[in-house]
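Visitor: For reference, the file upload.cif (mmCIF, C-alpha atoms) is included below:
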```
data_data
loop_
_atom_site.label_atom_id
_atom_site.label_comp_id
_atom_site.auth_asym_id
_atom_site.auth_seq_id
_atom_site.Cartn_x
_atom_site.Cartn_y
_atom_site.Cartn_z
CA MET A 770 113.09 45.65 -63.07
CA GLU A 771 113.00 42.14 -61.64
CA PRO A 772 113.19 41.73 -57.85
CA ILE A 773 116.64 40.90 -56.48
CA CYS A 774 116.91 38.30 -53.73
CA VAL A 775 119.43 39.98 -51.43
CA THR A 776 119.63 36.96 -49.11
CA ALA A 777 120.50 34.49 -51.88
CA ASP A 778 124.02 33.89 -50.51
CA ALA A 779 123.00 33.41 -46.88
CA GLU A 780 124.77 30.64 -44.99
CA GLU A 781 122.16 30.53 -42.22
CA PHE A 782 118.43 29.97 -42.29
CA THR A 783 116.60 33.01 -43.55
CA CYS A 784 113.68 33.98 -45.70
CA ASN A 785 114.03 35.32 -49.22
CA ALA A 786 114.24 39.11 -49.00
CA TYR A 787 113.49 40.88 -52.29
CA LEU A 788 114.85 44.26 -53.28
CA VAL A 789 112.60 45.88 -55.87
CA LEU A 790 114.15 48.91 -57.54
CA GLY A 791 112.09 51.63 -59.16
CA GLU A 792 110.09 54.73 -58.39
CA HIS A 793 109.42 53.40 -54.87
CA THR A 794 112.44 51.23 -54.07
CA THR A 795 111.23 48.59 -51.68
CA LEU A 796 112.51 45.63 -49.69
CA VAL A 797 109.94 42.86 -49.26
CA ASP A 798 110.89 41.21 -45.94
CA ALA A 799 114.29 41.69 -44.33
CA GLY A 800 115.53 38.19 -43.53
CA THR A 801 118.17 37.23 -40.98
CA MET A 802 121.35 37.36 -43.05
CA PRO A 803 124.12 39.42 -41.47
CA GLY A 804 125.42 41.91 -43.99
CA VAL A 805 122.17 42.25 -45.90
CA VAL A 806 122.52 46.04 -45.67
CA ASP A 807 125.78 45.83 -47.62
CA VAL A 808 124.11 43.72 -50.31
CA ILE A 809 121.31 46.25 -50.64
CA ARG A 810 123.87 49.05 -50.97
CA GLU A 811 125.45 47.23 -53.90
CA HIS A 812 122.27 48.03 -55.81
CA THR A 813 120.96 51.28 -54.35
CA ASP A 814 121.86 54.14 -52.04
CA GLU A 815 118.26 54.79 -51.07
CA LEU A 816 115.49 52.55 -49.82
CA ASP A 817 112.01 54.01 -49.56
CA ALA A 818 110.29 51.23 -47.68
CA VAL A 819 110.36 47.78 -46.17
CA VAL A 820 107.16 45.78 -46.61
CA LEU A 821 106.64 42.72 -44.41
CA THR A 822 104.59 39.70 -45.41
CA HIS A 823 104.61 38.67 -41.72
CA GLN A 824 106.76 38.96 -38.64
CA HIS A 825 108.20 35.51 -38.05
CA THR A 826 111.81 35.77 -36.87
CA ASP A 827 113.32 34.60 -40.16
CA HIS A 828 111.60 37.51 -41.92
CA ILE A 829 112.56 40.34 -39.54
CA GLY A 830 115.91 39.38 -38.00
CA GLU A 831 117.76 42.16 -39.85
CA LEU A 832 114.83 44.58 -39.98
CA ASN A 833 116.21 47.08 -37.47
CA ALA A 834 119.59 47.10 -39.20
CA VAL A 835 117.92 47.87 -42.54
CA LEU A 836 115.69 50.59 -41.09
CA ASP A 837 118.61 52.18 -39.28
CA ALA A 838 120.78 52.17 -42.41
CA PHE A 839 118.22 53.64 -44.80
CA ASP A 840 115.64 55.45 -42.65
CA ALA A 841 112.97 53.64 -44.65
CA ASP A 842 109.25 53.47 -43.93
CA LEU A 843 107.92 50.21 -42.55
CA TYR A 844 104.71 48.69 -43.90
CA ALA A 845 103.27 45.80 -41.88
CA HIS A 846 99.89 44.32 -41.06
CA GLY A 847 100.77 43.38 -37.47
CA ASP A 848 101.82 45.89 -34.84
CA HIS A 849 105.51 46.76 -34.72
CA PRO A 850 107.19 49.58 -32.78
CA ARG A 851 108.74 50.96 -35.97
CA ARG A 852 105.73 50.54 -38.23
CA THR A 853 104.88 53.72 -40.14
CA HIS A 854 102.08 52.32 -42.32
CA ALA A 855 99.53 49.64 -41.47
CA LEU A 856 98.86 47.17 -44.28
CA GLU A 857 95.10 46.73 -44.38
CA PRO A 858 93.33 44.16 -46.57
CA ASP A 859 92.18 45.47 -49.95
CA GLU A 860 94.40 48.53 -49.70
CA THR A 861 97.39 49.11 -51.96
CA VAL A 862 101.10 49.70 -51.43
CA PRO A 863 103.73 50.84 -53.97
CA ILE A 864 106.49 48.33 -54.70
CA GLY A 865 109.11 49.39 -57.21
CA ASP A 866 107.26 50.65 -60.26
CA GLU A 867 104.05 48.76 -59.51
CA ILE A 868 101.16 49.03 -57.11
CA ALA A 869 100.40 45.95 -55.02
CA GLU A 870 97.08 44.99 -53.55
CA VAL A 871 97.21 43.72 -49.98
CA VAL A 872 95.54 40.33 -49.50
CA TYR A 873 95.12 39.09 -45.93
CA THR A 874 96.34 35.47 -45.96
CA PRO A 875 96.68 34.11 -42.40
CA GLY A 876 97.08 30.48 -41.43
CA HIS A 877 100.85 30.22 -41.38
CA ALA A 878 100.92 33.45 -39.34
CA THR A 879 98.08 35.52 -37.96
CA ASP A 880 99.53 38.72 -39.44
CA HIS A 881 100.35 37.26 -42.86
CA VAL A 882 99.60 39.23 -46.01
CA SER A 883 100.37 38.56 -49.65
CA LEU A 884 101.08 41.30 -52.15
CA VAL A 885 99.65 41.13 -55.66
CA THR A 886 100.71 43.44 -58.47
CA GLU A 887 99.72 43.29 -62.12
CA THR A 888 102.66 40.98 -62.87
CA LYS A 889 103.96 39.62 -59.55
CA LEU A 890 102.86 37.75 -56.45
CA TYR A 891 104.88 38.22 -53.27
CA SER A 892 103.46 35.25 -51.41
CA GLY A 893 105.51 35.13 -48.22
CA ASP A 894 105.07 31.70 -46.67
CA VAL A 895 101.41 31.01 -47.48
CA VAL A 896 102.40 29.41 -50.80
CA VAL A 897 105.86 28.55 -52.15
CA TYR A 898 107.07 26.77 -55.24
CA ASN A 899 109.35 24.18 -53.66
CA ASP A 900 110.29 23.48 -50.05
CA GLY A 901 111.33 19.84 -49.67
CA ALA A 902 107.76 18.66 -49.16
CA PHE A 903 106.58 19.43 -52.70
CA ASP A 904 108.55 20.57 -55.72
CA ASP A 905 105.96 22.39 -57.83
CA GLY A 906 103.49 24.07 -55.51
CA SER A 907 103.51 23.88 -51.72
CA PHE A 908 101.81 25.59 -48.79
CA GLY A 909 103.15 27.06 -45.56
CA ARG A 910 103.49 24.82 -42.55
CA THR A 911 100.67 24.98 -40.02
CA ASP A 912 101.77 22.56 -37.29
CA MET A 913 103.12 25.10 -34.81
CA ALA A 914 101.37 27.13 -32.12
CA GLY A 915 99.11 29.84 -33.50
CA GLN A 916 98.92 28.29 -36.97
CA SER A 917 95.85 26.85 -38.70
CA ARG A 918 95.59 24.60 -41.76
CA GLU A 919 91.92 25.46 -42.17
CA ARG A 920 92.62 29.18 -42.15
CA LEU A 921 95.49 28.74 -44.60
CA ILE A 922 93.17 26.87 -46.97
CA GLU A 923 90.74 29.79 -46.82
CA SER A 924 93.62 32.16 -47.52
CA LEU A 925 94.65 30.26 -50.64
CA HIS A 926 91.07 30.44 -51.91
CA ASP A 927 91.06 34.19 -51.23
CA LEU A 928 94.41 34.62 -52.96
CA LEU A 929 93.12 32.95 -56.10
CA GLU A 930 90.21 35.38 -56.19
CA TYR A 931 92.60 38.32 -56.23
CA LEU A 932 95.13 36.83 -58.64
CA PRO A 933 94.92 38.33 -62.15
CA GLU A 934 95.90 36.29 -65.19
CA THR A 935 98.64 38.84 -65.90
CA VAL A 936 100.72 37.66 -62.92
CA THR A 937 103.67 35.71 -64.31
CA GLY A 938 106.10 35.66 -61.38
CA MET A 939 105.77 34.31 -57.83
CA TYR A 940 108.29 35.50 -55.25
CA PRO A 941 107.90 33.34 -52.14
CA GLY A 942 109.45 33.58 -48.71
CA HIS A 943 111.39 30.34 -49.18
CA GLY A 944 112.54 28.14 -52.03
CA ASP A 945 112.84 29.17 -55.64
CA VAL A 946 111.17 31.99 -57.51
CA PHE A 947 108.62 30.71 -60.02
CA GLU A 948 108.30 32.41 -63.38
CA ALA A 949 105.71 31.22 -65.86
CA SER A 950 107.17 29.93 -69.11
CA GLU A 951 105.78 29.26 -72.54
CA ALA A 952 104.57 25.73 -73.23
CA GLY A 953 106.63 23.54 -75.48
CA GLY A 954 109.93 23.40 -73.60
CA ASP A 955 111.60 20.43 -71.99
CA ALA A 956 110.98 21.33 -68.34
CA GLU A 957 108.18 19.49 -66.58
CA ASP A 958 106.64 22.77 -65.42
CA ASP A 959 106.60 24.40 -68.86
CA GLY A 960 103.15 25.81 -69.46
CA ASP A 961 102.38 26.21 -65.75
CA THR A 962 101.07 29.57 -64.61
CA VAL A 963 101.28 31.15 -61.18
CA ARG A 964 97.62 30.27 -60.76
CA ASP A 965 98.44 26.61 -61.52
CA VAL A 966 101.06 26.62 -58.77
CA VAL A 967 98.70 28.16 -56.20
CA GLU A 968 95.89 25.77 -57.15
CA ARG A 969 98.25 22.82 -56.80
CA ALA A 970 99.32 24.04 -53.36
CA LEU A 971 95.67 24.42 -52.38
CA GLU A 972 94.79 20.91 -53.52
CA ARG A 973 97.64 19.51 -51.44
CA ALA A 974 96.68 21.56 -48.39
CA GLU A 975 93.09 20.35 -48.70
CA ARG A 976 94.20 16.74 -48.35
CA ARG A 977 94.74 17.69 -44.70
CA LYS A 978 97.62 15.26 -44.38
CA PRO A 979 100.78 16.20 -42.47
CA LYS A 980 103.07 18.23 -44.70
CA TYR A 981 106.19 16.66 -43.21
CA PRO A 982 106.45 13.14 -41.77
CA GLU A 983 107.40 14.49 -38.33
CA GLN A 984 104.25 16.58 -38.04
#
```
Give the structure from the file, written as structure tokens.

Guide:
Amino acid sequence: MEPICVTADAEEFTCNAYLVLGEHTTLVDAGTMPGVVDVIREHTDELDAVVLTHQHTDHIGELNAVLDAFDADLYAHGDHPRRTHALEPDETVPIGDEIAEVVYTPGHATDHVSLVTETKLYSGDVVVYNDGAFDDGSFGRTDMAGQSRERLIESLHDLLEYLPETVTGMYPGHGDVFEASEAGGDAEDDGDTVRDVVERALERAERRKPKYPEQ
């Protein structure tokens, strides 16, 4: 079952929140979209867990509403008053019908983790496919207090070490989902893999130039 972006119709700024149905029905991040609980209920009556990539406001704005509605467990690396499970590096967490490895990937946020299953990468904000700065592999912004470009670069290196070749889908906190396609099509990104996207983001981060002109 492919993840469902339950914040896709948001009219305000929010992260992508992914509902993953299966043996352990999970919401990856909660977003800030009012009514997200209703969208989740269109697909399921039960939610086992919410897993946070990090706790920036755009990722947890509707967290309490979701937890209240479904009485779900909360998995997070950083402290949270409603956390039931601490996400520790190199441990695993069930998401849908897969098991994800927890990779500590700070830089954009000190509590940031990425989640790597056999077929999917839930990358939060450490790496995205497109975000207005780059269209085919970009990295999280690091120009605000508490952020670090150098630490984010280390995190992207670490992520590549954990990324198996079987991963074909990247589900980022912002922008579009990236799904690897077979070479030979008309799209410019045909033939790209998730690893290609992450490596491209890393190369751009390592230039150490401002991501946005106003930085």

Visitor: Which residues are close to Pro772 of chain A, i.e. within 9 Å by only C-alpha atoms, leaving aside same-chain residues fewer than 2 positions away? Reply as a list of chain:residue names.

Guide: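 The residues that qualify are A:Met770, A:Cys774, A:Tyr787, A:Leu788, A:Val789, A:Leu790, A:Gly865, A:Tyr940.
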
Visitor: Save the residues we just selected, C-alpha atoms, as a short mmCIF file (atom, residue, chain, number, x, y, z; two decimals), in the coordinates of the input?

Guide:
```cif
data_model
loop_
_atom_site.label_atom_id
_atom_site.label_comp_id
_atom_site.auth_asym_id
_atom_site.auth_seq_id
_atom_site.Cartn_x
_atom_site.Cartn_y
_atom_site.Cartn_z
CA MET A 770 113.09 45.65 -63.07
CA CYS A 774 116.91 38.30 -53.73
CA TYR A 787 113.49 40.88 -52.29
CA LEU A 788 114.85 44.26 -53.28
CA VAL A 789 112.60 45.88 -55.87
CA LEU A 790 114.15 48.91 -57.54
CA GLY A 865 109.11 49.39 -57.21
CA TYR A 940 108.29 35.50 -55.25
#
```

Visitor: Using all atoms listed in the file, which residues sit within 7 Å of segment 831-834 of chain A once same-chain residues fewer than 6 positions away are excluded, as a list in words?

Guide: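 The filter keeps Ala799, Gly800, Thr801 and Met802 of chain A.
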
Visitor: I'd like the neighbourhood of segment 855-863 of chain A as an mmCIF file with C-alpha atoms, in the coordinates of the input, where a residue qualifies if any of its atoms comes within 7 Å (using all atoms listed in the file), though same-chain residues fewer than 3 positions away should be ignored.

Guide:
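Dumped to part.cif:
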```cif
data_model
loop_
_atom_site.group_PDB
_atom_site.id
_atom_site.type_symbol
_atom_site.label_atom_id
_atom_site.label_comp_id
_atom_site.auth_asym_id
_atom_site.auth_seq_id
_atom_site.Cartn_x
_atom_site.Cartn_y
_atom_site.Cartn_z
ATOM 1 C CA HIS A 793 109.420 53.400 -54.870
ATOM 2 C CA TYR A 844 104.710 48.690 -43.900
ATOM 3 C CA ALA A 845 103.270 45.800 -41.880
ATOM 4 C CA HIS A 846 99.890 44.320 -41.060
ATOM 5 C CA GLU A 867 104.050 48.760 -59.510
ATOM 6 C CA ILE A 868 101.160 49.030 -57.110
ATOM 7 C CA ALA A 869 100.400 45.950 -55.020
ATOM 8 C CA GLU A 870 97.080 44.990 -53.550
ATOM 9 C CA VAL A 871 97.210 43.720 -49.980
ATOM 10 C CA VAL A 872 95.540 40.330 -49.500
ATOM 11 C CA TYR A 873 95.120 39.090 -45.930
#
```

Visitor: Here's the selection I'm unsure about, the PyMOL selection byres ((chain A and resi 827) around 7); applied to the file above, which residues does it give, as a ChimeraX atom specification?

Guide: /A:783-784,800-801,825-826,828-830

Visitor: Evaluate the PyMOL selection byres ((chain A and resi 837-839) around 12) here and jot the selected residues down as a list in words.

Guide: Thr794, Thr795, Leu796, Gly804, Val805, Val806, Asp807, Ile809, Arg810, Thr813, Asp814, Glu815, Leu816, Asp817, Ala818, Val819, Glu831, Leu832, Asn833, Ala834, Val835, Leu836, Asp840, Ala841, Asp842, Leu843 and Arg851 of chain A

Visitor: Separation of atom CA of Gly906 of chain A and atom CA of Glu780 of chain A, in Å?

Guide: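 Computed distance, atom CA of Gly906 of chain A to atom CA of Glu780 of chain A, equals 24.6 Å.
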
Visitor: Compile the contact shell of segment 877-881 of chain A as a ChimeraX atom specification: residues with an atom at most 6 Å away, counting only C-alpha atoms, same-chain residues fewer than 5 positions apart removed.

Guide: /A:822-823,846-847,909,911,916

Visitor: Kindly give the distance, in Å, that separates atom CA of Met939 of chain A and atom CA of Asp848 of chain A, rounded to a single decimal.

Guide: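 It comes out at 26.0 Å.
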
Visitor: Using the file's own x, y and z axes, what box holds all listed atoms of segment 854-866 of chain A with 4 Å on each side, keeping edges along x, y and z, and what are its centre and edge lengths in Å to one decimal, as AutoDock Vina command-line options?

Guide:
```
--center_x 100.6 --center_y 48.2 --center_z -50.9 --size_x 24.9 --size_y 16.2 --size_z 26.8
```

Visitor: Skipping near chain neighbours, those fewer than 5 positions away, what residues fall within 10 Å of Glu923 of chain A using only C-alpha atoms, listed as a ChimeraX atom specification?

Guide: /A:874-876,918,928,971,975

Visitor: Let me make sure I understand: among A:Glu968, A:Asp894, A:Asp945, A:Asp904, which one has the smallest atom-to-atom distance to Glu930 of chain A if we use only C-alpha atoms?

Guide: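 For Glu930 of chain A, the nearest of the candidates is A:Glu968.
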
Visitor: What does the distance from atom CA of Gly901 of chain A to atom CA of Pro933 of chain A come to in Å, to one decimal?

Guide: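 Answer for the atom CA of Gly901 of chain A to atom CA of Pro933 of chain A separation: 27.7 Å.
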
Visitor: Using only C-alpha atoms, pick whichever of A:Thr853, A:Thr935, A:Asn899, A:Ser950 has the shortest atom-to-atom distance to Ala970 of chain A.

Guide: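 Nearest candidate to Ala970 of chain A out of A:Thr853, A:Thr935, A:Asn899, A:Ser950: A:Asn899.
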
Visitor: Take the point (103.3, 41.3, -63.3) as written in the file and pick out every residue within 6 Å of it, counting only C-alpha atoms; give the list as a PyMOL selection string.

Guide: chain A and resi 886-889+935-937

Visitor: Between A:Tyr891, A:Phe903, A:Tyr898, A:Phe782, which has the minimum distance to Arg973 of chain A (counting all atoms listed in the file)?

Guide: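 Between A:Tyr891, A:Phe903, A:Tyr898, A:Phe782, the residue approaching Arg973 of chain A most closely is A:Phe903.
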
Visitor: Of the candidates A:Met913, A:Val896, A:Val797, A:Ala949, which one gets nearest to Asp961 of chain A if we count all atoms listed in the file?

Guide: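 Smallest distance to Asp961 of chain A is found for A:Ala949.
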